[in-house]
Amino acid sequence: MKKIEAIIKPFKLSAVKEALHEIKLSGMTVTEVKGFGRQRGQEGIENKSQDYSDEFLAKTKIEIIVEDQKVEKTIESIKKAAYSGKIGDGKIFVTNIEQVIRIRTDEKDSDAV
C-alpha cells in the first residue's frame with residue numbers, strides 16, 4: 001500500500017476530487033497548508049517587483065492511501081486534474097504504508113481502506 005500526498009493549488013481541489021471519484025477512489029484527507037518552492041512564493045515574473053512580506057502561498061494538501069496496483073492511475077488522475085501549466089502547480093509524494101487499521105471494525109490493510 002502507498003500513501004499519496006499531493007500539494008496543489010486550492011482552486012484545483014474540486015477537479016482533483018472529481019478525477020479521483022472517476023477512478024473509484026473516494027476516501028481522502030484534505031488540509032489547507034502554506035508553503036513555497038523554488039520561486040520562494042513568487043507566482044510569476046510579473047510579481048518580481050513586488051515586496052514580499054509573506055513568501056508562503058496558500059496550498060491544499062490531499063492525502064490518500066491506495067493499493068499498489070492503483071498508484072499510477074491515481075498519480076495520473078491527480079496530475080491531469082491539477083495541471084494549469086503555471087508555476088506552483090504542485091508536487092506529488094508517494095511513500096510506503098506499513099499497515100492500515102480501521103478503528104471501528106479492526107479491519108486491516110486493504111479492507112480498512
# chains A, B, ... in the order shown; residues from 1 in each chain; ligands from 1
$ residues_around --residues "Glu72 (chain A)" --least-positions-apart "6" --cutoff "12 Å" --atoms "only C-alpha atoms" --output "list of chain:residue names"
A:Lys2, A:Ile4, A:Ile23, A:Val66, A:Ile78, A:Lys79, A:Ile92, A:Val94
$ closest_residue --among "A:Gly35, A:Gly27, A:Gly90, A:Pro10" --to "Ile64 (chain A)" --atoms "only C-alpha atoms"
A:Gly27
$ residues_around --residues "region 28-30 of chain A" --least-positions-apart "4" --cutoff "7 Å" --atoms "only C-alpha atoms" --output "VMD selection string"
chain A and resid 60 to 64
$ write_last_selection --atoms "N, CA and C atoms" --output "PDB file, in the first residue's frame"
ATOM      1  N   THR A  60      -3.247  23.435  -1.009  1.00  0.00           N
ATOM      2  CA  THR A  60      -4.099  22.392  -0.459  1.00  0.00           C
ATOM      3  C   THR A  60      -3.338  21.079  -0.530  1.00  0.00           C
ATOM      4  N   LYS A  61      -3.337  20.332   0.578  1.00  0.00           N
ATOM      5  CA  LYS A  61      -2.677  19.030   0.607  1.00  0.00           C
ATOM      6  C   LYS A  61      -3.744  17.938   0.659  1.00  0.00           C
ATOM      7  N   ILE A  62      -3.626  17.002  -0.268  1.00  0.00           N
ATOM      8  CA  ILE A  62      -4.520  15.849  -0.318  1.00  0.00           C
ATOM      9  C   ILE A  62      -3.701  14.623   0.059  1.00  0.00           C
ATOM     10  N   GLU A  63      -4.239  13.809   0.959  1.00  0.00           N
ATOM     11  CA  GLU A  63      -3.595  12.557   1.333  1.00  0.00           C
ATOM     12  C   GLU A  63      -4.564  11.434   1.038  1.00  0.00           C
ATOM     13  N   ILE A  64      -4.062  10.401   0.380  1.00  0.00           N
ATOM     14  CA  ILE A  64      -4.905   9.260   0.035  1.00  0.00           C
ATOM     15  C   ILE A  64      -4.066   7.987   0.115  1.00  0.00           C
TER      16      ILE A  64
END
$ atom_distance --atom1 "CA of Lys70 (chain A)" --atom2 "CA of Gly85 (chain A)"
25.1 Å
$ atom_distance --atom1 "CA of Phe93 (chain A)" --atom2 "CA of Glu67 (chain A)"
15.1 Å
$ residues_around --residues "Lys9 (chain A)" --least-positions-apart "4" --cutoff "12 Å" --atoms "only C-alpha atoms" --output "PyMOL selection string"
chain A and resi 13-16+31-36+43+57-62+78-79+81-91
